[in-house]
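Colleague: See protein.cif below, with mmCIF, C-alpha atoms and all ligand atoms.
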```cif
data_final
loop_
_atom_site.group_PDB
_atom_site.id
_atom_site.type_symbol
_atom_site.label_atom_id
_atom_site.label_comp_id
_atom_site.auth_asym_id
_atom_site.auth_seq_id
_atom_site.Cartn_x
_atom_site.Cartn_y
_atom_site.Cartn_z
ATOM 1 C CA MET A 1 120.323 100.528 139.489
ATOM 2 C CA ILE A 2 120.887 98.247 136.512
ATOM 3 C CA TYR A 3 118.236 96.142 134.808
ATOM 4 C CA ILE A 4 119.244 92.967 133.001
ATOM 5 C CA GLY A 5 117.360 92.180 129.797
ATOM 6 C CA VAL A 6 117.430 88.820 128.026
ATOM 7 C CA ASP A 7 116.154 88.276 124.489
ATOM 8 C CA LEU A 8 115.678 84.564 123.899
ATOM 9 C CA GLY A 9 115.652 83.660 120.217
ATOM 10 C CA GLY A 10 115.843 80.383 118.346
ATOM 11 C CA THR A 11 119.360 81.210 117.102
ATOM 12 C CA ASN A 12 120.870 83.465 119.767
ATOM 13 C CA ILE A 13 120.438 84.477 123.373
ATOM 14 C CA ALA A 14 121.112 88.212 123.664
ATOM 15 C CA VAL A 15 121.686 89.742 127.095
ATOM 16 C CA GLY A 16 122.145 93.395 128.004
ATOM 17 C CA LEU A 17 122.672 95.624 131.012
ATOM 18 C CA VAL A 18 120.224 98.515 130.794
ATOM 19 C CA ASP A 19 119.992 101.745 132.782
ATOM 20 C CA GLU A 20 116.896 103.420 134.257
ATOM 21 C CA GLU A 21 116.194 105.276 130.985
ATOM 22 C CA GLY A 22 116.211 102.152 128.843
ATOM 23 C CA LYS A 23 119.717 102.712 127.471
ATOM 24 C CA ILE A 24 121.889 99.638 126.886
ATOM 25 C CA LEU A 25 125.167 99.944 128.823
ATOM 26 C CA LEU A 26 126.689 96.652 127.721
ATOM 27 C CA LYS A 27 125.454 93.688 125.728
ATOM 28 C CA GLY A 28 126.543 90.270 124.558
ATOM 29 C CA SER A 29 125.162 87.160 122.951
ATOM 30 C CA THR A 30 125.698 83.427 122.759
ATOM 31 C CA PRO A 31 124.252 80.777 120.426
ATOM 32 C CA THR A 32 121.029 79.228 121.724
ATOM 33 C CA LEU A 33 121.867 75.693 120.537
ATOM 34 C CA LEU A 34 118.244 74.612 120.853
ATOM 35 C CA GLU A 35 118.923 70.881 120.753
ATOM 36 C CA ARG A 36 120.366 71.118 124.296
ATOM 37 C CA GLY A 37 116.892 71.599 125.759
ATOM 38 C CA PRO A 38 115.708 74.376 128.089
ATOM 39 C CA GLU A 39 117.842 73.958 131.211
ATOM 40 C CA PRO A 40 121.366 74.653 129.855
ATOM 41 C CA ILE A 41 119.953 77.433 127.664
ATOM 42 C CA ILE A 42 118.402 79.178 130.668
ATOM 43 C CA GLN A 43 121.602 78.647 132.672
ATOM 44 C CA ASP A 44 123.521 80.332 129.832
ATOM 45 C CA MET A 45 121.292 83.413 130.161
ATOM 46 C CA GLY A 46 122.364 83.746 133.790
ATOM 47 C CA LYS A 47 126.026 83.032 133.101
ATOM 48 C CA LEU A 48 126.172 85.597 130.295
ATOM 49 C CA ALA A 49 124.525 88.186 132.531
ATOM 50 C CA LEU A 50 127.094 87.550 135.275
ATOM 51 C CA GLU A 51 129.928 87.835 132.737
ATOM 52 C CA LEU A 52 128.608 91.190 131.546
ATOM 53 C CA LEU A 53 128.354 92.489 135.117
ATOM 54 C CA GLU A 54 131.975 91.576 135.741
ATOM 55 C CA LYS A 55 133.076 93.060 132.420
ATOM 56 C CA GLY A 56 131.310 96.336 133.199
ATOM 57 C CA GLY A 57 132.712 96.530 136.724
ATOM 58 C CA TYR A 58 129.319 96.036 138.369
ATOM 59 C CA THR A 59 128.287 93.701 141.150
ATOM 60 C CA ILE A 60 125.086 91.761 141.699
ATOM 61 C CA ASP A 61 124.088 94.434 144.238
ATOM 62 C CA ASP A 62 123.804 96.952 141.384
ATOM 63 C CA VAL A 63 121.112 94.807 139.734
ATOM 64 C CA ALA A 64 117.456 95.627 140.365
ATOM 65 C CA SER A 65 115.918 92.787 138.359
ATOM 66 C CA ILE A 66 116.227 90.524 135.352
ATOM 67 C CA GLY A 67 113.657 90.263 132.571
ATOM 68 C CA VAL A 68 113.350 87.692 129.806
ATOM 69 C CA GLY A 69 111.475 88.053 126.511
ATOM 70 C CA VAL A 70 110.494 84.726 124.982
ATOM 71 C CA PRO A 71 108.964 83.848 121.602
ATOM 72 C CA GLY A 72 105.833 82.297 123.041
ATOM 73 C CA VAL A 73 103.191 82.329 125.746
ATOM 74 C CA THR A 74 104.317 82.991 129.306
ATOM 75 C CA ASN A 75 102.768 82.996 132.731
ATOM 76 C CA PRO A 76 104.434 85.938 134.482
ATOM 77 C CA GLU A 77 102.820 85.028 137.796
ATOM 78 C CA THR A 78 104.330 81.554 138.017
ATOM 79 C CA GLY A 79 107.459 82.313 135.992
ATOM 80 C CA VAL A 80 106.682 79.413 133.686
ATOM 81 C CA ILE A 81 106.926 79.506 129.893
ATOM 82 C CA SER A 82 103.619 77.891 128.913
ATOM 83 C CA PHE A 83 104.703 77.131 125.369
ATOM 84 C CA CYS A 84 107.024 78.318 122.623
ATOM 85 C CA THR A 85 106.017 76.724 119.353
ATOM 86 C CA ASN A 86 109.274 77.511 117.557
ATOM 87 C CA LEU A 87 111.485 76.341 120.408
ATOM 88 C CA ARG A 88 109.189 73.342 121.068
ATOM 89 C CA TRP A 89 109.157 74.189 124.786
ATOM 90 C CA HIS A 90 106.191 73.334 127.002
ATOM 91 C CA ASN A 91 105.765 74.307 130.653
ATOM 92 C CA VAL A 92 109.375 75.304 131.267
ATOM 93 C CA PRO A 93 109.925 76.716 134.804
ATOM 94 C CA LEU A 94 112.237 79.508 133.657
ATOM 95 C CA THR A 95 112.228 81.516 136.884
ATOM 96 C CA GLU A 96 113.022 78.458 138.978
ATOM 97 C CA ILE A 97 116.036 77.524 136.818
ATOM 98 C CA LEU A 98 117.354 81.081 136.351
ATOM 99 C CA SER A 99 117.004 82.048 140.027
ATOM 100 C CA LYS A 100 119.575 79.363 140.907
ATOM 101 C CA ILE A 101 122.149 81.416 138.990
ATOM 102 C CA ILE A 102 120.976 84.965 139.695
ATOM 103 C CA ASP A 103 118.980 85.551 142.844
ATOM 104 C CA LYS A 104 117.061 88.678 141.818
ATOM 105 C CA PRO A 105 113.430 89.336 140.899
ATOM 106 C CA ILE A 106 112.778 87.682 137.509
ATOM 107 C CA TYR A 107 110.137 88.765 135.000
ATOM 108 C CA ILE A 108 109.106 86.983 131.801
ATOM 109 C CA GLU A 109 107.002 88.151 128.887
ATOM 110 C CA ASN A 110 106.213 87.441 125.255
ATOM 111 C CA ASP A 111 108.842 88.961 122.940
ATOM 112 C CA ALA A 112 106.502 91.151 120.877
ATOM 113 C CA THR A 113 104.988 92.523 124.078
ATOM 114 C CA VAL A 114 108.494 93.201 125.368
ATOM 115 C CA ALA A 115 109.341 95.093 122.160
ATOM 116 C CA ALA A 116 106.172 97.159 122.581
ATOM 117 C CA LEU A 117 107.297 98.094 126.086
ATOM 118 C CA ALA A 118 110.782 98.993 124.838
ATOM 119 C CA GLU A 119 109.380 101.315 122.182
ATOM 120 C CA SER A 120 107.149 102.978 124.764
ATOM 121 C CA VAL A 121 110.030 103.508 127.211
ATOM 122 C CA ALA A 122 112.841 104.477 124.858
ATOM 123 C CA GLY A 123 111.616 104.306 121.261
ATOM 124 C CA VAL A 124 109.112 105.810 118.847
ATOM 125 C CA SER A 125 106.179 105.645 121.284
ATOM 126 C CA LYS A 126 108.168 107.078 124.203
ATOM 127 C CA GLY A 127 105.945 109.008 126.578
ATOM 128 C CA LEU A 128 102.691 107.947 124.906
ATOM 129 C CA LYS A 129 100.032 106.298 127.019
ATOM 130 C CA ASN A 130 98.497 103.975 124.458
ATOM 131 C CA SER A 131 100.393 102.321 121.633
ATOM 132 C CA ILE A 132 100.518 99.088 119.674
ATOM 133 C CA PHE A 133 103.656 97.452 118.340
ATOM 134 C CA LEU A 134 103.462 95.169 115.321
ATOM 135 C CA THR A 135 106.244 93.048 113.962
ATOM 136 C CA LEU A 136 105.896 92.047 110.336
ATOM 137 C CA GLY A 137 108.172 89.034 110.057
ATOM 138 C CA THR A 138 107.674 85.287 109.820
ATOM 139 C CA GLY A 139 104.300 85.940 111.440
ATOM 140 C CA VAL A 140 102.637 89.089 112.738
ATOM 141 C CA GLY A 141 103.529 89.678 116.378
ATOM 142 C CA GLY A 142 101.725 92.222 118.489
ATOM 143 C CA GLY A 143 102.256 94.066 121.740
ATOM 144 C CA ILE A 144 99.728 96.361 123.386
ATOM 145 C CA ILE A 145 100.551 99.194 125.791
ATOM 146 C CA ILE A 146 97.645 100.802 127.637
ATOM 147 C CA ASP A 147 98.205 103.617 130.111
ATOM 148 C CA GLY A 148 101.948 103.087 129.798
ATOM 149 C CA LYS A 149 101.659 99.464 130.880
ATOM 150 C CA ILE A 150 101.634 96.121 129.108
ATOM 151 C CA TYR A 151 98.172 94.806 128.348
ATOM 152 C CA ALA A 152 98.271 91.042 127.877
ATOM 153 C CA GLY A 153 94.714 90.082 128.783
ATOM 154 C CA THR A 154 93.103 88.047 131.534
ATOM 155 C CA HIS A 155 94.842 84.777 130.630
ATOM 156 C CA HIS A 156 97.932 86.392 129.195
ATOM 157 C CA VAL A 157 97.207 85.555 125.574
ATOM 158 C CA GLY A 158 95.483 88.826 124.728
ATOM 159 C CA SER A 159 97.942 90.273 122.261
ATOM 160 C CA GLU A 160 97.998 87.519 119.657
ATOM 161 C CA LEU A 161 97.119 90.141 117.071
ATOM 162 C CA GLY A 162 98.452 88.073 114.169
ATOM 163 C CA HIS A 163 95.671 85.571 114.781
ATOM 164 C CA MET A 164 92.781 87.993 114.443
ATOM 165 C CA THR A 165 90.548 86.621 111.707
ATOM 166 C CA ILE A 166 90.396 89.062 108.833
ATOM 167 C CA ASN A 167 89.071 86.667 106.187
ATOM 168 C CA VAL A 168 86.470 84.169 107.376
ATOM 169 C CA GLU A 169 86.808 82.193 104.160
ATOM 170 C CA GLY A 170 90.542 82.614 104.048
ATOM 171 C CA ILE A 171 93.518 80.343 104.010
ATOM 172 C CA ARG A 172 94.521 77.984 106.804
ATOM 173 C CA CYS A 173 96.843 79.347 109.480
ATOM 174 C CA THR A 174 99.528 77.467 111.415
ATOM 175 C CA CYS A 175 97.284 77.919 114.495
ATOM 176 C CA GLY A 176 94.545 75.807 112.909
ATOM 177 C CA ASN A 177 92.049 78.593 112.200
ATOM 178 C CA VAL A 178 91.429 80.142 108.807
ATOM 179 C CA GLY A 179 92.003 83.683 107.590
ATOM 180 C CA CYS A 180 94.306 84.897 110.375
ATOM 181 C CA TRP A 181 95.844 88.325 109.812
ATOM 182 C CA GLU A 182 99.382 86.963 109.681
ATOM 183 C CA GLN A 183 98.477 84.802 106.698
ATOM 184 C CA TYR A 184 98.023 88.077 104.784
ATOM 185 C CA SER A 185 100.267 90.645 106.448
ATOM 186 C CA SER A 186 103.475 88.872 107.503
ATOM 187 C CA ALA A 187 106.670 88.817 105.445
ATOM 188 C CA THR A 188 105.846 85.150 104.807
ATOM 189 C CA ALA A 189 102.493 86.185 103.338
ATOM 190 C CA LEU A 190 104.106 88.775 101.059
ATOM 191 C CA ILE A 191 106.522 86.102 99.826
ATOM 192 C CA ARG A 192 103.668 83.663 99.178
ATOM 193 C CA MET A 193 101.630 86.255 97.291
ATOM 194 C CA GLY A 194 104.711 87.283 95.295
ATOM 195 C CA ARG A 195 105.441 83.676 94.379
ATOM 196 C CA GLU A 196 101.859 83.010 93.287
ATOM 197 C CA ALA A 197 101.899 86.129 91.124
ATOM 198 C CA ALA A 198 105.266 85.188 89.602
ATOM 199 C CA GLU A 199 104.009 81.673 88.809
ATOM 200 C CA ALA A 200 101.072 83.174 86.938
ATOM 201 C CA ASN A 201 103.239 85.863 85.281
ATOM 202 C CA PRO A 202 106.671 84.348 84.575
ATOM 203 C CA ASP A 203 107.809 87.528 82.761
ATOM 204 C CA CYS A 204 107.226 89.828 85.736
ATOM 205 C CA LEU A 205 110.091 91.602 87.488
ATOM 206 C CA ILE A 206 109.646 89.521 90.662
ATOM 207 C CA ALA A 207 110.576 86.384 88.666
ATOM 208 C CA LYS A 208 113.413 88.215 86.880
ATOM 209 C CA LEU A 209 114.972 89.449 90.135
ATOM 210 C CA VAL A 210 115.430 85.843 91.287
ATOM 211 C CA GLY A 211 116.589 84.583 87.900
ATOM 212 C CA GLY A 212 113.409 82.516 87.520
ATOM 213 C CA ASP A 213 114.009 80.540 90.730
ATOM 214 C CA LEU A 214 110.806 81.424 92.574
ATOM 215 C CA SER A 215 111.963 79.661 95.744
ATOM 216 C CA LYS A 216 114.409 82.562 96.171
ATOM 217 C CA ILE A 217 111.686 85.217 96.424
ATOM 218 C CA GLU A 218 111.932 87.265 99.621
ATOM 219 C CA ALA A 219 109.680 90.033 100.912
ATOM 220 C CA LYS A 220 112.335 92.469 99.683
ATOM 221 C CA THR A 221 112.129 91.004 96.151
ATOM 222 C CA VAL A 222 108.450 91.903 95.889
ATOM 223 C CA ILE A 223 109.026 95.331 97.448
ATOM 224 C CA ASP A 224 111.968 96.085 95.128
ATOM 225 C CA ALA A 225 109.941 95.072 92.068
ATOM 226 C CA ALA A 226 107.035 97.245 93.243
ATOM 227 C CA ARG A 227 109.432 100.189 93.686
ATOM 228 C CA GLU A 228 110.473 99.670 90.053
ATOM 229 C CA LYS A 229 106.776 99.963 89.168
ATOM 230 C CA ASP A 230 106.466 96.434 87.835
ATOM 231 C CA PRO A 231 102.657 96.130 87.436
ATOM 232 C CA VAL A 232 102.456 92.569 88.810
ATOM 233 C CA ALA A 233 104.519 93.458 91.896
ATOM 234 C CA GLU A 234 102.580 96.704 92.406
ATOM 235 C CA LYS A 235 99.340 94.724 92.445
ATOM 236 C CA VAL A 236 100.679 92.208 94.969
ATOM 237 C CA TYR A 237 102.088 94.957 97.178
ATOM 238 C CA ALA A 238 98.851 96.977 97.058
ATOM 239 C CA LYS A 239 96.949 93.871 98.156
ATOM 240 C CA TYR A 240 99.418 93.321 100.978
ATOM 241 C CA ILE A 241 99.002 96.951 102.108
ATOM 242 C CA TYR A 242 95.224 96.560 101.942
ATOM 243 C CA TYR A 243 95.246 93.529 104.268
ATOM 244 C CA LEU A 244 97.684 95.210 106.626
ATOM 245 C CA ALA A 245 95.472 98.305 106.723
ATOM 246 C CA MET A 246 92.328 96.281 107.434
ATOM 247 C CA GLY A 247 93.926 94.724 110.516
ATOM 248 C CA ILE A 248 95.180 98.087 111.725
ATOM 249 C CA VAL A 249 91.722 99.609 111.247
ATOM 250 C CA ALA A 250 90.233 96.746 113.305
ATOM 251 C CA LEU A 251 92.752 97.506 116.051
ATOM 252 C CA ILE A 252 91.956 101.227 115.890
ATOM 253 C CA ASN A 253 88.278 100.364 116.307
ATOM 254 C CA ALA A 254 89.081 98.170 119.300
ATOM 255 C CA PHE A 255 91.761 100.204 121.072
ATOM 256 C CA ASP A 256 92.035 103.701 119.543
ATOM 257 C CA PRO A 257 95.785 103.920 120.328
ATOM 258 C CA GLU A 258 97.906 107.015 119.760
ATOM 259 C CA LEU A 259 100.454 105.218 117.658
ATOM 260 C CA PHE A 260 101.324 102.005 115.827
ATOM 261 C CA ALA A 261 105.022 101.149 115.779
ATOM 262 C CA LEU A 262 105.973 98.814 112.947
ATOM 263 C CA GLY A 263 108.977 96.521 113.182
ATOM 264 C CA GLY A 264 110.167 93.310 111.543
ATOM 265 C CA GLY A 265 111.561 92.605 108.075
ATOM 266 C CA VAL A 266 108.826 94.274 106.002
ATOM 267 C CA SER A 267 109.207 97.529 107.971
ATOM 268 C CA LYS A 268 112.631 97.953 106.349
ATOM 269 C CA ALA A 269 110.717 99.244 103.304
ATOM 270 C CA GLY A 270 110.385 102.503 105.297
ATOM 271 C CA ASP A 271 108.332 105.250 103.675
ATOM 272 C CA PHE A 272 107.517 102.939 100.789
ATOM 273 C CA LEU A 273 105.464 100.984 103.345
ATOM 274 C CA LEU A 274 104.251 103.836 105.564
ATOM 275 C CA GLU A 275 102.932 106.211 102.911
ATOM 276 C CA PRO A 276 100.545 103.858 101.071
ATOM 277 C CA LEU A 277 99.580 102.219 104.374
ATOM 278 C CA ARG A 278 98.551 105.552 105.915
ATOM 279 C CA GLU A 279 96.524 106.362 102.781
ATOM 280 C CA GLU A 280 94.782 102.990 102.924
ATOM 281 C CA VAL A 281 94.004 103.174 106.655
ATOM 282 C CA LYS A 282 92.547 106.658 106.177
ATOM 283 C CA LYS A 283 89.915 105.270 103.773
ATOM 284 C CA TYR A 284 88.445 102.934 106.379
ATOM 285 C CA ILE A 285 88.586 105.044 109.534
ATOM 286 C CA PHE A 286 85.224 105.009 111.301
ATOM 287 C CA TYR A 287 85.187 108.484 112.901
ATOM 288 C CA LYS A 288 86.575 110.481 110.027
ATOM 289 C CA ASP A 289 86.395 113.875 111.747
ATOM 290 C CA LEU A 290 88.481 112.865 114.761
ATOM 291 C CA PRO A 291 92.225 112.352 114.976
ATOM 292 C CA TYR A 292 93.375 108.738 114.875
ATOM 293 C CA ALA A 293 96.526 106.711 115.451
ATOM 294 C CA ARG A 294 99.764 107.654 113.746
ATOM 295 C CA ILE A 295 101.640 104.854 111.998
ATOM 296 C CA GLU A 296 105.426 104.991 112.344
ATOM 297 C CA LEU A 297 108.454 102.736 112.147
ATOM 298 C CA ALA A 298 109.721 101.209 115.383
ATOM 299 C CA ALA A 299 112.961 102.892 116.451
ATOM 300 C CA LEU A 300 114.950 100.354 118.425
ATOM 301 C CA GLY A 301 115.384 97.468 115.974
ATOM 302 C CA ASN A 302 116.895 94.309 117.467
ATOM 303 C CA ASP A 303 117.760 96.093 120.738
ATOM 304 C CA ALA A 304 114.047 96.321 121.572
ATOM 305 C CA GLY A 305 114.148 92.730 122.867
ATOM 306 C CA ILE A 306 116.864 93.464 125.441
ATOM 307 C CA ILE A 307 115.565 96.901 126.431
ATOM 308 C CA GLY A 308 111.951 95.823 126.835
ATOM 309 C CA ALA A 309 112.876 92.694 128.806
ATOM 310 C CA ALA A 310 115.036 94.784 131.127
ATOM 311 C CA MET A 311 112.264 97.333 131.607
ATOM 312 C CA LEU A 312 109.804 94.643 132.752
ATOM 313 C CA GLY A 313 111.252 95.074 136.221
ATOM 314 C CA LYS A 314 110.959 98.836 136.305
HETATM 315 ZN ZN ZN B 401 96.289 81.874 113.226
#
```
Could you quickly redo this structure as structure tokens?
Ligand SMILES: [Zn+2]

Modeller:
Amino acid sequence: MIYIGVDLGGTNIAVGLVDEEGKILLKGSTPTLLERGPEPIIQDMGKLALELLEKGGYTIDDVASIGVGVPGVTNPETGVISFCTNLRWHNVPLTEILSKIIDKPIYIENDATVAALAESVAGVSKGLKNSIFLTLGTGVGGGIIIDGKIYAGTHHVGSELGHMTINVEGIRCTCGNVGCWEQYSSATALIRMGREAAEANPDCLIAKLVGGDLSKIEAKTVIDAAREKDPVAEKVYAKYIYYLAMGIVALINAFDPELFALGGGVSKAGDFLLEPLREEVKKYIFYKDLPYARIELAALGNDAGIIGAAMLGK
């Protein structure tokens, strides 16, 4: 059987046909064009899926189910997207709209949770019972797998890991609380910290790499400057690693997973992220004599959204 996976993003809708093992057989994408509102966007998901089936020589009878990963809070029982802040969607009956185009079982889930599932089916945490996926991008997204299954909590908002408070006197988060983890450990946070440091130290390499235009600082700018051993950038990056480690240690204390899979823009730093992060986490581990979670890079990249969504039905 074939599983259809849909990755709904603010810019593109990506759809893929996925086999039983989580391998993508065929994929395609179309612009989201957000201003159209939910209904035509959801119809496009179905149309693109049907096009792919035809292109691949499959029929609707080959399809077991269709899964959709969305950047927000979902209610998998009712098939309603409760809200997507970035898309500005509230209470969108996704299953109802999509089932008019494809009459198959439809599953919806948060996109970070979907990526966690993908990694546990076909990626770095394949075969492990308990793992946590973290995406270090605009915010910090989290997905929790327990006993090989998605854990999303009683009310389906249980993996908002980026909004764990790690600094009770910290800075204000977009969610309204203060000191949320993503204000310290997202790519956005690294950019902010890099910019603040460059404002205070105009001669540092971070400022030089952007020709003095601090609005051009990206996470990569800070990381590149730290790689070059610029003292200001090294200090910022060490602080970033420290905050990231503190959140991971909190999650180890709560869940004791076998592995953390890191994705998102900052994870592109590779070993330059993993090595100091593992060292930092080690310092704060509670049970020092026992083994604890490995920290690795996620393996599936952008395909995780399609694969995980498809695997929701398996
Ligand atoms: Zn928050």

Colleague: Could you list, as a PDB file with C-alpha atoms, in the frame of the given file, every residue matched by the PyMOL selection byres (((chain A and resi 292-305) around 7) and not hetatm) in this structure?

Modeller:
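The file below, part_34.pdb, is the result:
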```pdb
ATOM      1  CA  ASP A   7     116.154  88.276 124.489  1.00  0.00           C
ATOM      2  CA  GLY A  69     111.475  88.053 126.511  1.00  0.00           C
ATOM      3  CA  ASP A 111     108.842  88.961 122.940  1.00  0.00           C
ATOM      4  CA  VAL A 114     108.494  93.201 125.368  1.00  0.00           C
ATOM      5  CA  ALA A 115     109.341  95.093 122.160  1.00  0.00           C
ATOM      6  CA  ALA A 118     110.782  98.993 124.838  1.00  0.00           C
ATOM      7  CA  GLU A 119     109.380 101.315 122.182  1.00  0.00           C
ATOM      8  CA  GLY A 123     111.616 104.306 121.261  1.00  0.00           C
ATOM      9  CA  VAL A 124     109.112 105.810 118.847  1.00  0.00           C
ATOM     10  CA  ASP A 256      92.035 103.701 119.543  1.00  0.00           C
ATOM     11  CA  PRO A 257      95.785 103.920 120.328  1.00  0.00           C
ATOM     12  CA  GLU A 258      97.906 107.015 119.760  1.00  0.00           C
ATOM     13  CA  LEU A 259     100.454 105.218 117.658  1.00  0.00           C
ATOM     14  CA  PHE A 260     101.324 102.005 115.827  1.00  0.00           C
ATOM     15  CA  ALA A 261     105.022 101.149 115.779  1.00  0.00           C
ATOM     16  CA  LEU A 262     105.973  98.814 112.947  1.00  0.00           C
ATOM     17  CA  GLY A 263     108.977  96.521 113.182  1.00  0.00           C
ATOM     18  CA  SER A 267     109.207  97.529 107.971  1.00  0.00           C
ATOM     19  CA  LEU A 274     104.251 103.836 105.564  1.00  0.00           C
ATOM     20  CA  ARG A 278      98.551 105.552 105.915  1.00  0.00           C
ATOM     21  CA  LEU A 290      88.481 112.865 114.761  1.00  0.00           C
ATOM     22  CA  PRO A 291      92.225 112.352 114.976  1.00  0.00           C
ATOM     23  CA  ILE A 306     116.864  93.464 125.441  1.00  0.00           C
ATOM     24  CA  ILE A 307     115.565  96.901 126.431  1.00  0.00           C
ATOM     25  CA  GLY A 308     111.951  95.823 126.835  1.00  0.00           C
ATOM     26  CA  ALA A 309     112.876  92.694 128.806  1.00  0.00           C
TER      27      ALA A 309
END
```

Colleague: Taking only C-alpha atoms and all ligand atoms into account, list the residues no farther than 12 Å from ligand ZN 401 (chain B), as a VMD selection string.

Modeller: chain A and resid 139 to 141 160 to 168 170 to 186

Colleague: Identify all residues satisfying the PyMOL selection byres (((chain A and resi 224) around 12) and not hetatm) in the given file; provide them as JSON, numbers by chain.

Modeller: {"A": [194, 205, 206, 207, 208, 209, 210, 217, 218, 219, 220, 221, 222, 223, 225, 226, 227, 228, 229, 230, 232, 233, 234, 236, 237, 266, 268, 269, 272, 273]}

Colleague: Can you work out which one of A:Glu77, A:Glu39, A:Leu214, A:Glu20 has the shortest atom-to-atom distance to Asp62 of chain A, counting all atoms listed in the file?

Modeller: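 Among A:Glu77, A:Glu39, A:Leu214, A:Glu20, it is A:Glu20 that comes nearest to Asp62 of chain A.
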
Colleague: Run the PyMOL selection byres (((chain A and resi 93-97) around 10) and not hetatm) against the file shown and list the residues it catches, as a VMD selection string.

Modeller: chain A and resid 38 to 43 46 66 to 68 74 to 76 78 to 82 90 to 92 98 to 108

Colleague: Find the distance between atom CA of Phe255 of chain A and atom CA of Glu279 of chain A and write it in Å to one decimal.

Modeller: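 Computing it gives 19.9 Å between the two atoms.
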
Colleague: Atom CA of Ala189 of chain A and atom CA of Gly137 of chain A, how far apart in Å?

Modeller: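 Distance reported for this atom pair: 9.2 Å.
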
Colleague: Would you please work out which residue, of A:Ser65, A:Tyr284, A:Gly28, A:Leu50, is nearest to Ile4 of chain A when using only C-alpha atoms?

Modeller: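 Smallest distance to Ile4 of chain A is found for A:Ser65.
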
Colleague: So what do you get for atom CA of Leu53 of chain A versus atom CA of Pro31 of chain A, distance-wise?

Modeller: 19.2 Å

Colleague: What residues have an atom no more than 8 Å from (120.4, 104.0, 122.5) in the file's own frame, counting all atoms listed in the file, and can you write them as a list of chain:residue names?

Modeller: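 Those residues, ordered by chain and then number, are A:Gly22, A:Lys23, A:Ile24, A:Ala122, A:Leu300.
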
Colleague: As AutoDock Vina command-line options, please: the centre and edge lengths in Å, to one decimal, of an axis-aligned box enclosing every listed atom of segment 277-283 of chain A with 3 Å added on each side.

Modeller:
```
--center_x 94.7 --center_y 104.4 --center_z 104.7 --size_x 15.7 --size_y 10.4 --size_z 9.9
```

Colleague: Give the answer as one residue: which of A:Glu199, A:Phe133, A:Leu26, A:Ile2 has the shortest atom-to-atom distance to Leu251 of chain A, using only C-alpha atoms?

Modeller: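 Counting only C-alpha atoms, the residue closest to Leu251 of chain A is A:Phe133.
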
Colleague: Find, counting all atoms listed in the file, the residue in A:His156, A:Lys27, A:Lys55, A:Lys283 that gets nearest to Met246 of chain A.

Modeller: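 Ranking A:His156, A:Lys27, A:Lys55, A:Lys283 by distance to Met246 of chain A, first place goes to A:Lys283.
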